[in-house]
Structures are given as structure tokens and as C-alpha cells.
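K.L.:
What follows is target11.tsv, TSV, C-alpha atoms.
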chain	number	residue	atom	x	y	z
A	20	MET	CA	-7.97	-10.11	-1.95
A	21	ILE	CA	-9.87	-7.39	-0.14
A	22	ILE	CA	-12.47	-9.99	0.95
A	23	ILE	CA	-9.78	-12.41	2.24
A	24	ALA	CA	-8.13	-9.54	4.12
A	25	LEU	CA	-11.33	-8.41	5.80
A	26	ILE	CA	-12.35	-11.98	6.74
A	27	SER	CA	-8.84	-12.63	8.21
A	28	LEU	CA	-9.00	-9.41	10.23
A	29	VAL	CA	-12.47	-10.04	11.65
A	30	ALA	CA	-11.69	-13.73	12.38
A	31	GLY	CA	-8.44	-12.67	14.11
A	32	VAL	CA	-10.17	-10.06	16.26
A	33	LEU	CA	-12.89	-12.52	17.29
A	34	CYS	CA	-10.36	-15.27	18.11
A	35	GLY	CA	-8.20	-12.78	20.05
A	36	GLN	CA	-11.17	-11.47	22.02
A	37	PHE	CA	-13.13	-14.66	22.69
A	38	VAL	CA	-11.19	-17.85	21.81
A	39	PHE	CA	-7.41	-17.78	22.29
A	40	ASP	CA	-5.58	-17.65	25.61
A	41	VAL	CA	-2.41	-15.63	26.31
A	42	ASN	CA	-0.02	-18.39	25.19
A	43	VAL	CA	-1.64	-18.75	21.79
A	44	ILE	CA	-1.72	-14.96	21.35
A	45	ASN	CA	2.04	-14.76	22.10
A	46	MET	CA	2.72	-17.62	19.69
A	47	PHE	CA	1.05	-15.64	16.90
A	48	SER	CA	3.44	-12.74	17.36
A	49	HIS	CA	6.37	-15.13	16.66
A	50	ILE	CA	4.64	-16.73	13.68
A	51	SER	CA	3.93	-13.33	12.15
A	52	ASP	CA	7.65	-12.41	12.20
A	53	TYR	CA	8.49	-15.37	9.97
A	54	ALA	CA	5.42	-14.90	7.76
A	55	LEU	CA	6.53	-11.30	7.18
A	56	TYR	CA	9.99	-12.43	6.07
A	57	ILE	CA	8.50	-14.94	3.62
A	58	LEU	CA	6.06	-12.32	2.33
A	59	MET	CA	8.78	-9.72	1.70
A	60	PHE	CA	10.89	-12.29	-0.13
A	61	ALA	CA	7.91	-13.23	-2.34
A	62	VAL	CA	7.07	-9.57	-2.98
A	63	GLY	CA	10.70	-8.99	-4.01
A	64	ILE	CA	10.47	-11.86	-6.50
A	65	SER	CA	7.31	-10.32	-8.02
A	66	VAL	CA	9.03	-6.96	-8.48
A	67	GLY	CA	12.15	-8.59	-9.96
A	68	THR	CA	10.22	-10.85	-12.36
A	69	ASN	CA	8.34	-7.96	-13.94
A	70	LYS	CA	10.90	-7.41	-16.73
A	71	GLN	CA	8.52	-5.44	-18.97
A	72	VAL	CA	8.61	-2.72	-16.37
A	73	PHE	CA	12.42	-2.60	-16.45
A	74	ARG	CA	12.27	-2.19	-20.28
A	75	LYS	CA	9.65	0.59	-20.12
A	76	LEU	CA	11.70	2.34	-17.46
A	77	LYS	CA	14.53	2.68	-19.98
A	78	GLU	CA	12.13	3.85	-22.71
A	79	TYR	CA	10.43	6.63	-20.75
A	80	HIS	CA	13.64	7.69	-18.97
A	81	VAL	CA	13.22	10.16	-16.19
A	82	LYS	CA	9.65	11.11	-17.17
A	83	ILE	CA	8.35	7.83	-15.79
A	84	ILE	CA	9.27	9.05	-12.31
A	85	ILE	CA	6.99	12.11	-12.51
A	86	ILE	CA	3.76	10.36	-11.46
A	87	PRO	CA	5.14	8.26	-8.56
A	88	PHE	CA	7.20	11.27	-7.44
A	89	GLY	CA	4.07	13.44	-7.29
A	90	ILE	CA	2.11	10.73	-5.48
A	91	ILE	CA	4.84	10.15	-2.88
A	92	ILE	CA	5.41	13.87	-2.21
A	93	GLY	CA	1.65	14.47	-2.04
A	94	SER	CA	1.01	11.54	0.28
A	95	ILE	CA	3.83	12.59	2.60
A	96	PHE	CA	2.40	16.10	2.73
A	97	GLY	CA	-1.01	14.54	3.39
A	98	GLY	CA	0.57	12.63	6.29
A	99	ILE	CA	1.88	15.88	7.76
A	100	VAL	CA	-1.58	17.47	7.48
A	101	CYS	CA	-3.17	14.39	9.13
A	102	SER	CA	-0.67	14.61	11.98
A	103	ILE	CA	-1.73	18.22	12.64
A	104	VAL	CA	-5.47	17.63	12.21
A	105	LEU	CA	-5.60	14.40	14.26
A	106	LYS	CA	-2.92	15.49	16.77
A	107	MET	CA	-0.86	12.35	16.17
A	108	PRO	CA	2.93	11.84	16.37
A	109	LEU	CA	4.49	12.85	13.04
A	110	ASN	CA	6.40	9.57	12.57
A	111	GLU	CA	3.24	7.48	12.95
A	112	SER	CA	1.22	9.74	10.72
A	113	LEU	CA	3.88	9.80	7.97
A	114	SER	CA	4.31	6.03	8.07
A	115	ILE	CA	0.56	5.44	7.71
A	116	ALA	CA	0.37	7.82	4.73
A	117	SER	CA	3.44	6.06	3.25
A	118	GLY	CA	1.31	2.92	2.85
A	119	LEU	CA	0.15	4.46	-0.46
A	120	GLY	CA	-2.95	2.23	-0.46
A	121	TRP	CA	-1.09	-1.05	0.08
A	122	TYR	CA	-3.16	-1.92	3.13
A	123	SER	CA	-1.90	-5.47	3.78
A	124	LEU	CA	1.78	-4.60	3.80
A	125	SER	CA	1.47	-1.28	5.64
A	126	GLY	CA	-0.79	-2.93	8.23
A	127	VAL	CA	1.62	-5.77	8.99
A	128	LEU	CA	4.77	-3.61	8.85
A	129	LEU	CA	3.37	-1.07	11.28
A	130	THR	CA	2.02	-3.78	13.60
A	131	ASN	CA	5.58	-5.08	13.67
A	132	LEU	CA	7.08	-1.62	14.29
A	133	GLY	CA	4.51	0.15	16.45
A	134	GLY	CA	1.95	-2.37	17.74
A	135	ALA	CA	-1.44	-3.71	16.74
A	136	GLN	CA	-3.36	-0.45	17.11
A	137	LEU	CA	-1.09	1.50	14.77
A	138	GLY	CA	-1.05	-1.46	12.37
A	139	THR	CA	-4.82	-1.58	12.29
A	140	LEU	CA	-5.07	2.15	11.68
A	141	ALA	CA	-2.64	1.76	8.77
A	142	PHE	CA	-4.63	-1.19	7.47
A	143	LEU	CA	-8.00	0.60	7.63
A	144	SER	CA	-6.63	3.89	6.25
A	145	ASN	CA	-5.03	2.22	3.26
A	146	ILE	CA	-7.97	-0.07	2.55
A	147	MET	CA	-10.11	3.07	2.45
A	148	ARG	CA	-7.61	4.74	0.17
A	149	GLU	CA	-8.16	1.85	-2.23
A	150	LEU	CA	-11.95	2.09	-1.93
A	151	PHE	CA	-12.01	5.87	-2.41
A	152	SER	CA	-9.66	5.42	-5.40
A	153	PHE	CA	-12.24	3.24	-7.11
A	154	LEU	CA	-14.81	5.95	-6.59
A	155	SER	CA	-12.63	8.91	-7.56
A	156	ILE	CA	-10.84	7.55	-10.68
A	157	PRO	CA	-13.73	8.36	-13.11
A	158	PHE	CA	-14.12	11.87	-11.61
A	159	VAL	CA	-10.38	12.67	-11.68
A	160	ALA	CA	-9.96	11.29	-15.24
A	161	LYS	CA	-12.77	13.54	-16.43
A	162	HIS	CA	-12.07	16.77	-14.56
A	163	PHE	CA	-8.25	16.81	-14.29
A	164	ASN	CA	-6.35	14.69	-16.86
A	165	LYS	CA	-6.05	10.96	-17.45
A	166	TYR	CA	-2.56	10.64	-15.93
A	167	THR	CA	-3.84	12.23	-12.72
A	168	ALA	CA	-6.38	9.39	-12.35
A	169	ILE	CA	-3.39	7.25	-11.24
A	170	ALA	CA	-2.74	9.58	-8.27
A	171	PRO	CA	-5.45	8.40	-5.85
A	172	ALA	CA	-4.67	4.73	-6.66
A	173	ALA	CA	-0.93	5.07	-5.78
A	174	ALA	CA	0.59	1.62	-5.11
A	175	THR	CA	-2.65	-0.15	-6.07
A	176	SER	CA	-2.49	1.11	-9.68
A	177	GLU	CA	-0.68	-2.08	-10.82
A	178	ASP	CA	-3.32	-4.52	-9.57
A	179	THR	CA	-6.65	-3.85	-7.88
A	180	THR	CA	-7.47	-0.43	-9.34
A	181	LEU	CA	-5.90	-1.18	-12.76
A	182	PRO	CA	-9.16	-2.44	-14.35
A	183	MET	CA	-10.81	0.84	-13.36
A	184	LEU	CA	-7.89	2.85	-14.80
A	185	ILE	CA	-8.01	0.90	-18.07
A	186	LYS	CA	-11.74	1.61	-18.34
A	187	TYR	CA	-11.53	5.37	-17.75
A	188	THR	CA	-8.15	6.24	-19.32
A	189	SER	CA	-6.12	4.99	-22.30
A	190	ALA	CA	-3.71	2.09	-22.98
A	191	ASP	CA	-0.71	4.40	-22.57
A	192	VAL	CA	-1.92	5.62	-19.22
A	193	ALA	CA	-2.57	2.00	-18.17
A	194	VAL	CA	1.10	1.13	-18.88
A	195	MET	CA	2.14	4.16	-16.82
A	196	ALA	CA	-0.23	2.94	-14.08
A	197	VAL	CA	1.50	-0.46	-13.93
A	198	ILE	CA	4.94	1.11	-13.75
A	199	ASN	CA	3.73	3.60	-11.16
A	200	GLY	CA	2.32	0.74	-9.08
A	201	VAL	CA	5.61	-1.17	-9.18
A	202	ILE	CA	7.65	1.90	-8.19
A	203	CYS	CA	5.24	2.92	-5.43
A	204	SER	CA	5.06	-0.68	-4.11
A	205	ALA	CA	8.85	-0.92	-4.02
A	206	VAL	CA	9.18	2.29	-1.97
A	207	VAL	CA	6.34	1.57	0.52
A	208	PRO	CA	8.45	-0.59	2.91
A	209	ILE	CA	11.41	1.80	2.57
A	210	LEU	CA	9.29	4.87	3.39
A	211	ILE	CA	7.47	3.20	6.29
A	212	ASN	CA	10.74	2.09	7.91
A	213	PHE	CA	12.37	5.45	7.26
A	214	PHE	CA	9.58	7.65	8.62
A	215	PHE	CA	8.77	5.46	11.62
A	216	ASN	CA	12.38	5.58	12.78
A	217	LEU	CA	13.01	9.20	11.80
A	218	PHE	CA	11.68	11.05	14.85
B	25	MET	CA	15.99	-3.03	7.93
B	26	ASP	CA	16.25	-6.85	7.70
B	27	ILE	CA	12.93	-6.75	5.82
B	28	LEU	CA	14.43	-4.49	3.14
B	29	ILE	CA	17.46	-6.77	2.75
B	30	ILE	CA	15.22	-9.82	2.34
B	31	MET	CA	13.12	-7.94	-0.24
B	32	SER	CA	16.25	-6.90	-2.17
B	33	VAL	CA	17.42	-10.53	-2.27
B	34	GLY	CA	13.97	-11.43	-3.63
B	35	ILE	CA	14.20	-8.75	-6.34
B	36	PHE	CA	17.64	-10.03	-7.38
B	37	ILE	CA	16.47	-13.66	-7.54
B	38	GLY	CA	13.27	-12.62	-9.35
B	39	TYR	CA	15.24	-10.66	-11.94
B	40	LYS	CA	18.05	-13.14	-12.51
B	41	TYR	CA	16.89	-16.70	-11.77
B	42	PHE	CA	13.16	-16.95	-11.17
B	43	ASN	CA	11.19	-19.05	-13.67
B	44	GLU	CA	7.91	-17.27	-14.49
B	45	LYS	CA	5.98	-20.54	-14.54
B	46	TYR	CA	6.20	-20.50	-10.74
B	47	SER	CA	4.70	-17.02	-10.43
B	48	GLY	CA	1.30	-18.55	-9.53
B	49	ILE	CA	2.89	-20.30	-6.54
B	50	ASN	CA	4.67	-17.09	-5.62
B	51	SER	CA	1.41	-15.15	-5.60
B	52	LEU	CA	-0.28	-17.92	-3.58
B	53	VAL	CA	2.52	-17.68	-1.00
B	54	GLN	CA	1.92	-13.92	-0.83
B	55	THR	CA	-1.82	-14.37	-0.35
B	56	LEU	CA	-1.36	-17.00	2.40
B	57	CYS	CA	1.27	-14.99	4.27
B	58	THR	CA	-0.82	-11.83	4.00
B	59	ALA	CA	-3.92	-13.62	5.31
B	60	LEU	CA	-1.91	-15.12	8.19
B	61	LEU	CA	-0.35	-11.75	9.04
B	62	ILE	CA	-3.67	-9.93	8.98
B	63	PHE	CA	-5.19	-12.70	11.10
B	64	SER	CA	-2.37	-12.33	13.68
B	65	MET	CA	-2.84	-8.56	13.60
B	66	GLY	CA	-6.51	-9.18	14.38
B	67	VAL	CA	-5.58	-11.58	17.19
B	68	SER	CA	-3.28	-9.13	18.95
B	69	LEU	CA	-5.78	-6.33	18.41
B	70	GLY	CA	-8.74	-8.38	19.62
B	71	SER	CA	-6.82	-9.51	22.71
B	72	ARG	CA	-7.01	-5.93	24.02
B	73	PRO	CA	-10.06	-5.69	26.30
B	74	GLU	CA	-10.82	-2.12	25.20
B	75	PHE	CA	-10.74	-2.95	21.47
B	76	PHE	CA	-14.40	-2.42	20.61
B	77	SER	CA	-14.48	1.00	22.26
B	78	GLU	CA	-11.42	2.05	20.22
B	79	LEU	CA	-12.93	0.98	16.92
B	80	TYR	CA	-14.97	4.16	16.46
B	81	THR	CA	-11.92	6.42	16.88
B	82	LEU	CA	-9.90	4.27	14.47
B	83	GLY	CA	-12.68	4.48	11.88
B	84	ILE	CA	-12.82	8.29	11.94
B	85	LYS	CA	-9.01	8.59	11.80
B	86	SER	CA	-8.72	6.16	8.90
B	87	ILE	CA	-11.22	8.15	6.80
B	88	ALA	CA	-9.01	11.23	7.28
B	89	PHE	CA	-5.89	9.17	6.48
B	90	SER	CA	-7.38	8.01	3.20
B	91	ILE	CA	-8.99	11.19	1.86
B	92	ILE	CA	-6.31	13.74	2.79
B	93	PRO	CA	-3.37	11.88	1.12
B	94	ILE	CA	-5.56	11.26	-1.96
B	95	ILE	CA	-6.29	14.98	-2.35
B	96	PHE	CA	-2.66	15.96	-1.80
B	97	SER	CA	-1.51	13.29	-4.31
B	98	ILE	CA	-3.84	14.58	-7.02
B	99	ILE	CA	-2.53	18.17	-6.82
B	100	PRO	CA	1.21	17.57	-7.58
B	101	VAL	CA	0.51	14.83	-10.14
B	102	TYR	CA	-1.88	17.13	-12.01
B	103	ILE	CA	0.60	20.00	-12.04
B	104	LEU	CA	3.58	17.80	-13.03
B	105	THR	CA	1.81	15.79	-15.75
B	106	LYS	CA	0.28	18.94	-17.24
B	107	LYS	CA	3.74	20.46	-17.47
B	108	PHE	CA	5.91	17.50	-18.50
B	109	LEU	CA	3.89	14.72	-20.14
B	110	ASP	CA	2.40	14.34	-23.61
B	111	LYS	CA	-0.78	16.41	-23.81
B	112	LYS	CA	-2.56	14.23	-26.38
B	113	THR	CA	-2.59	11.13	-24.17
B	114	GLY	CA	-3.40	12.75	-20.89
B	115	ASP	CA	-5.87	15.46	-21.90
B	116	LYS	CA	-9.45	15.66	-20.76
B	117	LYS	CA	-12.03	13.71	-22.73
Could you rewrite the structure in this file as C-alpha cells?

P.N.:
Amino acid sequence: MIIIALISLVAGVLCGQFVFDVNVINMFSHISDYALYILMFAVGISVGTNKQVFRKLKEYHVKIIIIPFGIIIGSIFGGIVCSIVLKMPLNESLSIASGLGWYSLSGVLLTNLGGAQLGTLAFLSNIMRELFSFLSIPFVAKHFNKYTAIAPAAATSEDTTLPMLIKYTSADVAVMAVINGVICSAVVPILINFFFNLF
Amino acid sequence: MDILIIMSVGIFIGYKYFNEKYSGINSLVQTLCTALLIFSMGVSLGSRPEFFSELYTLGIKSIAFSIIPIIFSIIPVYILTKKFLDKKTGDKK
């Protein structure tokens, strides 16, 4: 997926810069509205179909929330720190950090809300979050505890970084990672919309 | 807001009516839409004349936006899991 995403981005930039005229560029902004609706519907179906997660949610009760809660609070705080360090508007900074590593969705949502530049920053930031998660999972699993290895991965812990988590943690932690990924993924669009419109 | 409503409808249909044998098609739809959306994002970004000069700034900012939230996610999760979750499963090697 990461390869498809990068190829699409580079191809889009090159077409926008060198190939397409203004009419075609405007047409793409309409197409992307509909594509976003279809995507969100399909993402909803994926979340709803994952019944094992609903069962595990009942089994672990409130404790299952601990990891995604920590990740969301930490990422929001990280967004506040980024806003201060990079001198950016707080709503933009918080919405980028709310991507929780889901680069494709946060990129397209923020393009829709705040323009292509903000969308691209969200895309790049969250793609890097995923890359740095790959690198940091072994270190965090070894020096903190195995549950904490899910923290850098955030919303990606149910798919792309899951193989890495399975390798460096245990089966129990892997189940928690899937549930964490589903919860984080479900809140990403809510948080992005909320923070972008908050200030 | 309309996006959240559409997603909620999807969750409801996925939970109640969706046949899992179509999940491959569903994930293909997601991949195609994502690729199309990222392509359009690239198009509107590349149509800005000053794009290539902005790329350096975006790169630096995105490194900060990845590392800082990672560090601040690790801290609360470590504290909370140490306090509330089963020690045997989560302990160090």
C-alpha cells in the first residue's frame, strides 16, 4: 500500500505540474469528493465486519481502552508541542497529529478541509510515523514493555505494523494491537474533523 | 460531518448485513479510492508553481510531526499499561 500511495502522489504532482491544464485540475477536485465518500463507506464496512473485535471488546471490558486512550492523549499532546515548536496554527497541528499514522485518510481528509498543502503535510507526517514505528517497535518492546510497542504504531497496529508487533511481542499483545488499531482508526476521522473546526 | 455519517452507515451495514466473502472487493475499493484521492492530492499540490520550493519545509515539518507524537504516545501508554494491565504478558523480555 505504501508503494501505491507514494507512486500515486508522485504521479499526481508531476501531472499537476507538467501535464494537466486548469480544467482537468478542477475536475479532479470534484472527483475526489465522491471518491472520499465511497472510501469512508468502505472503511465503515471494514470496521463493522470485524466481529471478533466486538467480542474481544466485551471480554476485556474497559481495560481495552487503556492503550488507545494513551495513544490518543499522547498524540494530541504531541500535536500541541508541534504547534509551539513549528509555530503553526493549533487546529492544523492537532488535526495532523490526529492522523495517528493513517497517512492516506488523514492526507485526503485534510486536503478536503484545509487545502493540498496541509493535506500533503498530514500525508508525509503520518507516513513517517508509520516508518518510524517499524524502526522503534523492537526498541520499545525491549526497553519499555510489550504493550507499549503498540504506542508508536497507533492506527497502523491492525495492518501494516502488525507483522512487526507479532514478531517482537506476544500473541496476547498482537490481539490488543488489532483492537487498538480498529479503535484508533475509527476515531481518526472524528478527531480530525473535531480539531480542525475547533479553533 | 457528512463523512462521519457515511462511515457510520458503513459500520452499521458491515455489522448487520455485509457478507464477508465480499471483503476482498471492499478492500479493493478502498485501495482504488485511496490511490485516486492521493493522486488528486498530488495534482492540486503539483499545480502550485511554488511546489518544489515548499517541499523542503514540508519534509522538515513532517519529521517533527512523526517523531514528537510517537514519543508522547509512548509515555502515557507505558505508564498506564504498567499500572493497569497484566504484568506477565507485557513485561520486558

K.L.:
For region 22-29 of chain A, find every residue with an atom within 7 Å (counting all atoms listed in the file), except residues of its own chain fewer than 5 positions away, and show them as an NGL selection string.

P.N.:
:B and (59 or 62-63 or 66)

K.L.:
Could you tell me which of B:Ser97, B:Asn50, B:Thr58, B:Ser32 comes closest to Ile92 (chain A) if we count only C-alpha atoms?

P.N.:
B:Ser97

K.L.:
For CA of Gly98 (chain A) and CA of Val62 (chain A), determine how far apart the two atoms are, in Å to one decimal place.

P.N.:
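Interatomic distance, CA of Gly98 (chain A) to CA of Val62 (chain A): 24.9 Å.
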
K.L.:
Between B:Val33, B:Val53, B:Pro73, B:Val67, which one has atoms that come closest to chain A, using only C-alpha atoms?

P.N.:
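Closest candidate: B:Val67.
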
K.L.:
As number ranges by chain, please: the residues near Thr188 (chain A) (cut-off 8 Å, all atoms listed in the file, same-chain neighbours under 5 positions excluded).

P.N.:
A: 160, 165-166, 168, 193

K.L.:
Mind giving me the straight-line distance from CA of Phe213 (chain A) to CA of Ile99 (chain A) in Å, one decimal?

P.N.:
14.8 Å

K.L.:
Which residue is closest to chain B? Choose from A:Asn69, A:Asn199, A:Ser144, A:Asn216 and count all atoms listed in the file.

P.N.:
A:Ser144

K.L.:
Could you tell me how far CA of Lys70 (chain A) lies from CA of Val201 (chain A), in Å and to one decimal?

P.N.:
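Computed distance, CA of Lys70 (chain A) to CA of Val201 (chain A), equals 11.1 Å.
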
K.L.:
Give me the residues within 12 Å of Ile29 (chain B) as a list in words, counting only C-alpha atoms and dropping any in the same chain fewer than 3 places off.

P.N.:
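Here the answer would be Tyr56, Met59, Phe60, Gly63, Pro208 and Ile209 of chain A; Met25, Asp26, Ser32, Val33, Gly34, Ile35 and Phe36 of chain B.
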
K.L.:
Pick the closest to Ala116 (chain A) from A:Ser94, A:Ser65, A:Gln136, A:Ser102: which is it, counting all atoms listed in the file?

P.N.:
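Of A:Ser94, A:Ser65, A:Gln136, A:Ser102, the one nearest Ala116 (chain A) is A:Ser94, counting all atoms listed in the file.
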
K.L.:
Compile the contact shell of region 82-92 of chain B as a list in words: residues with an atom at most 9 Å away, counting only C-alpha atoms, same-chain residues fewer than 4 positions apart removed.

P.N.:
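With the cut-off at 9 Å, the set is Ser94, Gly97, Gly98, Val100, Cys101, Val104, Leu105, Ser112, Ile115, Ala116, Gly120, Gln136, Thr139, Leu140, Ala141, Phe142, Leu143, Ser144, Asn145, Ile146, Met147, Arg148, Glu149, Phe151 and Pro171 of chain A; Glu78, Phe96 and Ser97 of chain B.
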
K.L.:
Skipping near chain neighbours, those fewer than 6 positions away, what residues fall within 12 Å of Leu104 (chain B) using all atoms listed in the file, listed as a ChimeraX atom specification?

P.N.:
/A:82-90,92-93,163-164,166-167,170 /B:97-98,110-111,114

K.L.:
Rank nothing, just name the residue among B:Asn43, B:Pro100, B:Leu52, B:Glu74 nearest to chain A, using all atoms listed in the file.

P.N.:
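Nearest to chain A: B:Pro100.
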
K.L.:
May I ask which of the residues B:Arg72, B:Ile95, B:Thr55, B:Gly38 is the closest one to chain A, counting only C-alpha atoms?

P.N.:
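Using only C-alpha atoms, the shortest distance to chain A belongs to B:Gly38.
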
K.L.:
In the coordinate frame of the file, compute which residues have an atom within 9 Å of (8.3, -0.4, 13.0) when using all atoms listed in the file, and state them as a list in words.

P.N.:
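The residues that fall inside the cut-off are Leu128, Leu129, Thr130, Asn131, Leu132, Gly133, Gly134, Ile211, Asn212, Phe215 and Asn216 of chain A.
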
K.L.:
Keeping only C-alpha atoms, write those residues as an mmCIF file, in the frame of the given file.

P.N.:
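Output file part-v2.cif follows:
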data_model
loop_
_atom_site.group_PDB
_atom_site.id
_atom_site.type_symbol
_atom_site.label_atom_id
_atom_site.label_comp_id
_atom_site.auth_asym_id
_atom_site.auth_seq_id
_atom_site.Cartn_x
_atom_site.Cartn_y
_atom_site.Cartn_z
ATOM 1 C CA LEU A 128 4.770 -3.610 8.850
ATOM 2 C CA LEU A 129 3.370 -1.070 11.280
ATOM 3 C CA THR A 130 2.020 -3.780 13.600
ATOM 4 C CA ASN A 131 5.580 -5.080 13.670
ATOM 5 C CA LEU A 132 7.080 -1.620 14.290
ATOM 6 C CA GLY A 133 4.510 0.150 16.450
ATOM 7 C CA GLY A 134 1.950 -2.370 17.740
ATOM 8 C CA ILE A 211 7.470 3.200 6.290
ATOM 9 C CA ASN A 212 10.740 2.090 7.910
ATOM 10 C CA PHE A 215 8.770 5.460 11.620
ATOM 11 C CA ASN A 216 12.380 5.580 12.780
#

K.L.:
Which protein, DNA or RNA residues are at most 8 Å from (-9.6, -12.0, 16.5) in the file's coordinates when you count all atoms listed in the file, listed as a list of chain:residue names?

P.N.:
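Collected hits near the coordinates: A:Leu28, A:Val29, A:Ala30, A:Gly31, A:Val32, A:Leu33, A:Cys34, A:Gly35, A:Gln36, A:Phe37, B:Phe63, B:Ser64, B:Gly66, B:Val67, B:Ser68, B:Leu69, B:Gly70, B:Ser71.
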